[in-house]
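Asker: Before I ask anything, here is the structure I am working with.
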Amino acid sequence: MCGIVGYIGQQKAYPVLIKGLKRLEYRGYDSAGVAMISDNRQLNVYKAKGKVSELEAFVGQKDLSGTIGIAHTRWATHGEPCSLNAHPHYSSSERLALIHNGIIENYAVLKEKLQAQGYTFKSSTDTEVLVQLIEYIQAKNGIDLLTAVQLALREVIGAYAIAILDKDDPCQIIAARKSSPLVVGIGNGEFFLASDATPIVEYTDKVIYLADEEIAVIRRNEPLKIVNLHNMECPHEIQTVALNIGQLEKGGYSHFMLKEIFEQPACIYDCMRGRINVDNTSVVLSAVIDYRERLLAAKRFVIVACGTSWHAALIGKQLIESFCRIPVEVEYASEFRYRDPVIDSNDVVIAISQSGETADTLAAVELAKSRGAFIYGICNAIGSSIPRATHTGSYIHVGPEIGVASTKAFTGQVTVLTMLALTLAKTRKTIDDAQFLAIVNELSHIPDKMEEVLKLNDSIAELAKIFTYAHNFIYLGRGYAYPVALEGALKLKEISYIHAEGYPAAEMKHGPIALIDAEMPVVVVATRNDLYEKVLSNIQEIKARKGKVIALVTRGDEVIRGIADTCIELPETLECLDPLITTVPLQLLAYHVAVCKGMDVDQPRNLAKSVTVE
């Protein structure tokens with residue numbers, strides 16, 4: 001959600017800024033803009049509604065000189081998507097330009113205060129209020145820009161990641177953050193600024209992640225200075241980013257989403273590497289070793305997450321309860337944070353987030369910590385806010401996920417949850433050795449079985465053509481397959497804009513069966529497991545009402561093949577690992593339906609990759 005890029009150094013700023021914005025397109029946005037201090041010390045702001053390409057077309061032959069600048073992609077919160085509401089925003093004198101991710105919750109009060117002082121506003125945004133406030137405080141008190149920023153941010157309620165240019169000081173960018181990510185890249189005589197590391201890795205792998213209420217003073221040819229809102233210097237650690245440009249390119253695939261679906265076998269192998277030993281007899285998670293007693297003492301686990309991560313959490317609940325015999329609750333983070341949940345020091349709260357910046361999940365973490373709970377994070381983005389806010393945790397190590405609709409992050413989360421459940425069960429002695437070894441051994445073969453499923457891509461692409469014009473889908477599953485049904489429905493909704501709902505298969509007759517007719521495609525996860533006969537009965541109920549059944553079955557299943565309209569045959573695995581196999585064809589089905597409909601698969605409308613505001 002929204003993207004920030006900044007540069008100061010010897011290079012021309014504009015190419016760095018534009019390339020950086022393109023790297024951040026996956027975050028979701030509806031307008032874009034740049035601000036640069038030109039060679040003749042003019043502060044030029046250019047912005048446009050739509051894609052970064054439209055901004056490029058708009059700037060045309062305008063003055064693009066200068067070696068310092070900031071840039072932004074906006075996802076509308078306050079004010080409709082348009083060039084006037086796009087960032088950067090000028091101050092009244094047009095001496096300052098500011099970009100902002102987040103929400104200023106008390107912007108209306110601040111705006112009234114400024115209007116009483118004679119300030120007028122061109123946009124409908126909360127961001128313009130902030131830049132006007134900074135200029136007002138600076139002019140009223142005759143202070144430098146850093147002090148004005150500190151005083152202004154102390155009046156602000158909400159979340160922010162900001163970067164500011166001052167026309168009168170062309171050698172400085174000031175940046176600050178609270179509850180919205182911001183990273184500073186350190187190059188050779190140059191600095192970079194971004195919402196995450198993806199626009200930076202092309203130039204440097206040395207970064208500093210700003211903490212809440214920290215301000216970076218970035219000056220040309222001077223060391224980086226980081227202070228807090230009260231001007232106390234903050235120590236900072238330079239980290240090395242393990243990313244490469246190849247991970248940020250499509251690599252010959254037509255979309256990032258398809259590339260990331262096909263990366264899953266390698267990603268799951270990377271996720272397990274160093275955690276499952278070479279002879280597949282043990283699972284080692286350093287977090288469990290380091291906090292063994294605290295985890296063993298847990299009376300209950302509570303998993304908080306949003307979206308796709310919430311679906312992974314539902315699978316994690318079944319894994320932990322089955323293997324470890326500990327009660328587990330799964331909560332939407334957005335609901336958990338605003339309830340008065342019963343949480344205490346006997347609880348372990350697991351927070352799951354691909355980006356590590358999900359605002360609701362981060363707030364849920366802080367609430368649980370305040371109640372004395374022990375927090376375990378499961379994230380993909382190294383150095384992000386949630387890993388830094390938790391007591392311990394595990395990275396999923398699947399590499400950057402650029403497509404807005406999550407694919408490899410979901411299977412990575414499920415893999416880590418499986419290893420966590422196995423490790424805890426082994427430590428608690430709630431799983432017998434034979435079962436443990438069988439699951440660990442089968443888990444090590446999952447990447448190869450995913451490769452087998454991916455060979456079905458062409459046939460699933462053909463199948464998708466039949467359902468391009470469907471208006472509704474139902475997805476059904478039982479046990480471990482129910483969260484897979486939810487996730488399959490979500491993927492279809494996200495990128496094809498076809499209405500789809502996932503249900504436990506047994507719940508179909510409690511309402512949804514009324515929707516079944518000859519026009520209703522029903523996707524059923526029906527692989528062989530303890531509930532196979534029950535799901536078979538559900539399929540027969542659908543066919544009796546002329547529904548169109550697409551069944552995911554275990555290879556060689558002739559019974560369901562004789563009933564369903566279409567069968568997608570999958571390699572056999574253990575029931576508890578089925579989600580890692582059955583998810584893949586549903587990702588491919590959603591992808592190909594969306595492609596047939598001509599949709600923007602990687603950047604679906606209204607969606608953002610990293611939801612950093614409520």
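Here, A, B, ... name the chains of the structure tokens in the order displayed, residue numbers run from 1 inside each chain, and ligands are numbered from 1 in the same displayed order.
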List every residue of range 392-582 of chain A that DSSP, applied to the backbone, labels as strand (DSSP E or B), and write the result as a compact mmCIF listing (two decimals) with N, CA and C atoms, in the first residue's frame.

Answerer:
```txt
# COMPACT_ATOMS: atom_id res chain seq x y z
N THR A 392 10.29 -13.87 19.33
CA THR A 392 11.05 -14.79 18.48
C THR A 392 10.17 -15.15 17.29
N GLY A 393 10.64 -16.07 16.45
CA GLY A 393 9.83 -16.47 15.31
C GLY A 393 10.64 -17.16 14.25
N SER A 394 10.01 -17.33 13.09
CA SER A 394 10.65 -18.02 11.97
C SER A 394 10.33 -17.27 10.68
N TYR A 395 11.36 -17.05 9.87
CA TYR A 395 11.14 -16.54 8.52
C TYR A 395 10.78 -17.70 7.60
N ASN A 472 -20.18 -16.72 -10.59
CA ASN A 472 -20.04 -17.19 -9.21
C ASN A 472 -19.35 -18.55 -9.20
N PHE A 473 -18.63 -18.80 -8.12
CA PHE A 473 -18.01 -20.10 -7.87
C PHE A 473 -18.25 -20.47 -6.42
N ILE A 474 -18.36 -21.76 -6.15
CA ILE A 474 -18.31 -22.26 -4.78
C ILE A 474 -17.13 -23.21 -4.66
N TYR A 475 -16.38 -23.09 -3.57
CA TYR A 475 -15.25 -23.98 -3.28
C TYR A 475 -15.58 -24.74 -2.00
N LEU A 476 -15.39 -26.06 -2.02
CA LEU A 476 -15.72 -26.89 -0.87
C LEU A 476 -14.53 -27.75 -0.46
N GLY A 477 -14.42 -27.97 0.84
CA GLY A 477 -13.40 -28.87 1.37
C GLY A 477 -13.73 -29.20 2.81
N HIS A 499 -17.15 -13.53 -8.25
CA HIS A 499 -17.57 -13.79 -6.87
C HIS A 499 -17.38 -15.27 -6.57
N ALA A 500 -16.71 -15.57 -5.47
CA ALA A 500 -16.46 -16.96 -5.08
C ALA A 500 -16.48 -17.06 -3.57
N GLU A 501 -16.99 -18.19 -3.09
CA GLU A 501 -17.06 -18.42 -1.64
C GLU A 501 -16.55 -19.82 -1.33
N GLY A 502 -15.84 -19.93 -0.23
CA GLY A 502 -15.38 -21.22 0.25
C GLY A 502 -16.20 -21.66 1.45
N TYR A 503 -16.52 -22.95 1.52
CA TYR A 503 -17.32 -23.48 2.62
C TYR A 503 -16.76 -24.84 3.05
N PRO A 504 -16.98 -25.21 4.33
CA PRO A 504 -16.80 -26.62 4.68
C PRO A 504 -17.85 -27.42 3.90
N PRO A 521 -20.40 -23.36 -11.12
CA PRO A 521 -19.23 -24.21 -10.98
C PRO A 521 -18.90 -24.41 -9.50
N VAL A 522 -18.63 -25.65 -9.13
CA VAL A 522 -18.28 -25.98 -7.74
C VAL A 522 -16.95 -26.71 -7.75
N VAL A 523 -15.95 -26.12 -7.09
CA VAL A 523 -14.63 -26.74 -6.98
C VAL A 523 -14.59 -27.49 -5.66
N VAL A 524 -14.30 -28.79 -5.72
CA VAL A 524 -14.31 -29.62 -4.51
C VAL A 524 -12.92 -30.24 -4.32
N VAL A 525 -12.34 -30.00 -3.16
CA VAL A 525 -11.07 -30.66 -2.81
C VAL A 525 -11.45 -32.02 -2.24
N LYS A 548 -21.96 -27.97 -11.76
CA LYS A 548 -20.76 -28.34 -12.50
C LYS A 548 -19.61 -28.54 -11.52
N VAL A 549 -19.11 -29.75 -11.40
CA VAL A 549 -18.12 -30.08 -10.38
C VAL A 549 -16.72 -30.20 -10.99
N ILE A 550 -15.81 -29.41 -10.44
CA ILE A 550 -14.38 -29.56 -10.72
C ILE A 550 -13.77 -30.17 -9.46
N ALA A 551 -13.30 -31.39 -9.55
CA ALA A 551 -12.82 -32.10 -8.36
C ALA A 551 -11.31 -32.26 -8.38
N LEU A 552 -10.68 -31.94 -7.26
CA LEU A 552 -9.26 -32.23 -7.06
C LEU A 552 -9.19 -33.59 -6.38
N VAL A 553 -8.62 -34.58 -7.08
CA VAL A 553 -8.64 -35.95 -6.58
C VAL A 553 -7.23 -36.53 -6.54
N THR A 554 -7.10 -37.58 -5.76
CA THR A 554 -5.84 -38.31 -5.73
C THR A 554 -5.69 -39.13 -7.01
N THR A 566 -15.17 -32.54 -14.24
CA THR A 566 -13.74 -32.45 -14.50
C THR A 566 -12.98 -32.90 -13.27
N CYS A 567 -11.92 -33.69 -13.48
CA CYS A 567 -11.06 -34.10 -12.37
C CYS A 567 -9.63 -33.60 -12.62
N ILE A 568 -9.02 -33.05 -11.59
CA ILE A 568 -7.61 -32.68 -11.62
C ILE A 568 -6.91 -33.67 -10.70
N GLU A 569 -6.11 -34.57 -11.30
CA GLU A 569 -5.47 -35.64 -10.53
C GLU A 569 -4.15 -35.15 -9.94
N LEU A 570 -3.96 -35.44 -8.64
CA LEU A 570 -2.81 -34.96 -7.90
C LEU A 570 -2.06 -36.12 -7.26
```

Asker: Excluding same-chain residues fewer than 5 positions from range 339-349 of chain A, what lies within 9 Å of it counting only C-alpha atoms, as a VMD selection string?

Answerer: chain A and resid 294 to 295 297 to 304 365 368 to 369 371 to 377

Asker: Determine, counting only C-alpha atoms, which protein, DNA and RNA residues have an atom within 12 Å of an atom of Gln115 in chain A; residues of the same chain fewer than 5 positions away are not included. Present the result as an mmCIF file with C-alpha atoms, in the first residue's frame.

Answerer:
```
data_model
loop_
_atom_site.group_PDB
_atom_site.id
_atom_site.type_symbol
_atom_site.label_atom_id
_atom_site.label_comp_id
_atom_site.auth_asym_id
_atom_site.auth_seq_id
_atom_site.Cartn_x
_atom_site.Cartn_y
_atom_site.Cartn_z
ATOM 1 C CA SER A 92 1.920 26.879 0.766
ATOM 2 C CA TYR A 107 -5.854 15.694 10.229
ATOM 3 C CA ALA A 108 -9.262 17.409 10.387
ATOM 4 C CA VAL A 109 -8.437 19.120 13.702
ATOM 5 C CA LEU A 110 -5.010 20.172 12.432
ATOM 6 C CA THR A 120 -5.646 27.184 2.165
ATOM 7 C CA PHE A 121 -5.565 23.667 0.774
ATOM 8 C CA VAL A 129 -2.171 19.056 6.130
ATOM 9 C CA GLN A 132 1.473 22.766 5.804
ATOM 10 C CA LEU A 133 1.775 22.107 9.542
ATOM 11 C CA TYR A 136 3.673 26.751 9.784
#
```

Asker: Which residues are near Ile460 in chain A? Cut-off 9 Å, only C-alpha atoms, ignore same chain within fewer than 2 positions. Put them as a PyMOL selection string.

Answerer: chain A and resi 456-458+462-465+568+585+588-589+592

Asker: Would you list the contacts of Val440 in chain A as a PyMOL selection string, taking every protein, DNA or RNA residue within 12 Å and counting only C-alpha atoms, but skipping same-chain residues closer than 2 positions in sequence?

Answerer: chain A and resi 272+275-284+415+418-423+426+433-438+442-446+573-574+576-577

Asker: How would the residues just picked look written out with N, CA, C and O atoms as a tab-separated table (two decimals), in the first residue's frame?

Answerer:
```tsv
chain	number	residue	atom	x	y	z
A	272	MET	N	12.68	-25.25	4.09
A	272	MET	CA	13.04	-26.39	4.94
A	272	MET	C	14.54	-26.56	5.12
A	272	MET	O	14.98	-27.20	6.07
A	275	ARG	N	16.65	-26.83	8.34
A	275	ARG	CA	15.70	-27.10	9.42
A	275	ARG	C	15.34	-28.58	9.49
A	275	ARG	O	15.07	-29.11	10.56
A	276	ILE	N	15.31	-29.23	8.32
A	276	ILE	CA	15.14	-30.68	8.28
A	276	ILE	C	16.48	-31.28	7.89
A	276	ILE	O	17.09	-30.87	6.88
A	277	ASN	N	16.98	-32.24	8.68
A	277	ASN	CA	18.32	-32.77	8.41
A	277	ASN	C	18.32	-33.64	7.16
A	277	ASN	O	17.27	-34.01	6.61
A	278	VAL	N	19.52	-33.98	6.69
A	278	VAL	CA	19.68	-34.62	5.38
A	278	VAL	C	19.03	-36.00	5.32
A	278	VAL	O	18.62	-36.45	4.24
A	279	ASP	N	18.94	-36.70	6.45
A	279	ASP	CA	18.32	-38.03	6.40
A	279	ASP	C	16.85	-38.00	6.83
A	279	ASP	O	16.25	-39.06	7.09
A	280	ASN	N	16.28	-36.79	6.91
A	280	ASN	CA	14.85	-36.61	7.17
A	280	ASN	C	14.38	-37.26	8.46
A	280	ASN	O	13.30	-37.87	8.53
A	281	THR	N	15.17	-37.11	9.51
A	281	THR	CA	14.80	-37.73	10.78
A	281	THR	C	14.55	-36.70	11.88
A	281	THR	O	14.12	-37.07	12.98
A	282	SER	N	14.82	-35.42	11.63
A	282	SER	CA	14.60	-34.42	12.67
A	282	SER	C	14.26	-33.07	12.05
A	282	SER	O	14.60	-32.79	10.90
A	283	VAL	N	13.57	-32.25	12.84
A	283	VAL	CA	13.25	-30.88	12.46
A	283	VAL	C	13.78	-29.96	13.55
A	283	VAL	O	13.52	-30.20	14.74
A	284	VAL	N	14.52	-28.94	13.15
A	284	VAL	CA	15.13	-28.03	14.11
A	284	VAL	C	14.73	-26.61	13.77
A	284	VAL	O	15.02	-26.12	12.68
A	415	THR	N	4.24	-24.44	5.46
A	415	THR	CA	5.42	-25.28	5.71
A	415	THR	C	6.04	-24.96	7.06
A	415	THR	O	6.38	-25.87	7.83
A	418	THR	N	3.87	-26.27	9.80
A	418	THR	CA	4.02	-27.72	9.91
A	418	THR	C	5.28	-28.07	10.70
A	418	THR	O	5.24	-28.92	11.61
A	419	MET	N	6.39	-27.42	10.37
A	419	MET	CA	7.64	-27.68	11.09
A	419	MET	C	7.54	-27.26	12.55
A	419	MET	O	8.07	-27.93	13.44
A	420	LEU	N	6.86	-26.14	12.81
A	420	LEU	CA	6.68	-25.70	14.20
A	420	LEU	C	5.87	-26.71	14.98
A	420	LEU	O	6.22	-27.09	16.12
A	421	ALA	N	4.76	-27.19	14.40
A	421	ALA	CA	3.92	-28.18	15.08
A	421	ALA	C	4.69	-29.47	15.34
A	421	ALA	O	4.59	-30.06	16.43
A	422	LEU	N	5.46	-29.90	14.36
A	422	LEU	CA	6.25	-31.13	14.54
A	422	LEU	C	7.30	-30.97	15.62
A	422	LEU	O	7.50	-31.85	16.46
A	423	THR	N	7.99	-29.82	15.61
A	423	THR	CA	9.04	-29.58	16.59
A	423	THR	C	8.47	-29.52	18.01
A	423	THR	O	9.03	-30.10	18.94
A	426	LYS	N	7.33	-33.05	19.11
A	426	LYS	CA	8.47	-33.89	19.47
A	426	LYS	C	9.00	-33.50	20.84
A	426	LYS	O	9.32	-34.37	21.68
A	433	ASP	N	7.19	-41.70	17.48
A	433	ASP	CA	8.34	-41.60	16.58
A	433	ASP	C	7.98	-42.00	15.15
A	433	ASP	O	8.43	-41.37	14.19
A	434	ALA	N	7.17	-43.04	15.01
A	434	ALA	CA	6.83	-43.52	13.66
A	434	ALA	C	6.06	-42.46	12.89
A	434	ALA	O	6.33	-42.20	11.71
A	435	GLN	N	5.06	-41.85	13.54
A	435	GLN	CA	4.28	-40.81	12.87
A	435	GLN	C	5.16	-39.60	12.54
A	435	GLN	O	5.08	-39.05	11.45
A	436	PHE	N	6.00	-39.21	13.50
A	436	PHE	CA	6.89	-38.07	13.29
A	436	PHE	C	7.79	-38.30	12.08
A	436	PHE	O	7.89	-37.45	11.18
A	437	LEU	N	8.43	-39.46	12.03
A	437	LEU	CA	9.36	-39.76	10.92
A	437	LEU	C	8.63	-39.82	9.59
A	437	LEU	O	9.14	-39.36	8.56
A	438	ALA	N	7.42	-40.37	9.60
A	438	ALA	CA	6.65	-40.48	8.36
A	438	ALA	C	6.31	-39.10	7.81
A	438	ALA	O	6.43	-38.84	6.60
A	442	GLU	N	7.85	-37.39	4.40
A	442	GLU	CA	6.94	-36.98	3.32
A	442	GLU	C	7.07	-35.49	3.04
A	442	GLU	O	6.99	-35.05	1.88
A	443	LEU	N	7.28	-34.69	4.09
A	443	LEU	CA	7.45	-33.25	3.90
A	443	LEU	C	8.64	-32.95	3.00
A	443	LEU	O	8.59	-32.06	2.14
A	444	SER	N	9.68	-33.72	3.14
A	444	SER	CA	10.87	-33.51	2.31
A	444	SER	C	10.62	-33.81	0.84
A	444	SER	O	11.36	-33.36	-0.04
A	445	HIS	N	9.55	-34.59	0.55
A	445	HIS	CA	9.22	-34.93	-0.84
A	445	HIS	C	8.18	-33.98	-1.45
A	445	HIS	O	7.85	-34.12	-2.63
A	446	ILE	N	7.67	-33.07	-0.67
A	446	ILE	CA	6.64	-32.16	-1.17
A	446	ILE	C	7.12	-31.33	-2.36
A	446	ILE	O	6.37	-31.16	-3.34
A	573	THR	N	-0.34	-37.77	-0.96
A	573	THR	CA	0.51	-37.38	0.17
A	573	THR	C	-0.27	-37.61	1.45
A	573	THR	O	-1.44	-38.05	1.43
A	574	LEU	N	0.33	-37.31	2.59
A	574	LEU	CA	-0.35	-37.44	3.87
A	574	LEU	C	-1.41	-36.36	4.00
A	574	LEU	O	-1.25	-35.24	3.50
A	576	CYS	N	-2.27	-34.40	6.38
A	576	CYS	CA	-1.85	-33.16	7.01
A	576	CYS	C	-1.00	-32.29	6.09
A	576	CYS	O	-0.84	-31.09	6.34
A	577	LEU	N	-0.46	-32.89	5.03
A	577	LEU	CA	0.36	-32.13	4.08
A	577	LEU	C	-0.39	-31.83	2.78
A	577	LEU	O	0.15	-31.16	1.90
```

Asker: Of the candidates A:Leu98, A:Cys234, A:Ile164, A:Leu151, which shows the shortest atom-to-atom distance to Leu210 in chain A, using only C-alpha atoms?

Answerer: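 Closest residue, counting only C-alpha atoms: A:Cys234.
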
Asker: Leaving out Val241 in chain A and any residue of its chain fewer than 5 positions from it, which residues lie within 10 Å of it when counting only C-alpha atoms, given as a list in words?

Answerer: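 In the requested format, the answer is Gly185, Ala197, Thr198, Ile200, Val201, Thr204, Asp205, Lys206, Val207, Ile208, Ile382 and Gly383 of chain A.
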
Asker: Let me see the file: selected residues, C-alpha atoms, as a short mmCIF file (atom, residue, chain, number, x, y, z; two decimals), in the first residue's frame.

Answerer:
```
data_model
loop_
_atom_site.label_atom_id
_atom_site.label_comp_id
_atom_site.auth_asym_id
_atom_site.auth_seq_id
_atom_site.Cartn_x
_atom_site.Cartn_y
_atom_site.Cartn_z
CA GLY A 185 20.07 2.35 1.75
CA ALA A 197 14.40 -2.95 0.09
CA THR A 198 13.23 -3.87 -3.43
CA ILE A 200 17.45 -0.39 -3.27
CA VAL A 201 19.10 -3.75 -3.92
CA THR A 204 23.45 -1.40 -2.44
CA ASP A 205 22.83 -4.27 -0.04
CA LYS A 206 23.55 -2.14 3.04
CA VAL A 207 20.42 -0.84 4.73
CA ILE A 208 19.08 0.59 7.97
CA ILE A 382 13.48 -9.89 6.82
CA GLY A 383 13.92 -6.83 9.02
#
```

Asker: Within range 404-444 of chain A, find each residue whose DSSP state, derived from the backbone, is helix (DSSP H, G or I), and express the selection as number ranges by chain.

Answerer: A: 408-428, 433-444

Asker: Using only C-alpha atoms, what does the table of range 271-383 of chain A residues within 12 Å of range 175-178 of chain A look like, with each row giving the shortest atom pair and its distance in Å to one decimal, sorted by chain and ascending number, as CSV?

Answerer:
```
residue,atom,partner,partner_atom,distance
A:Glu357,CA,A:Lys178,CA,11.4
A:Ala359,CA,A:Lys178,CA,11.0
A:Leu362,CA,A:Lys178,CA,11.9
```
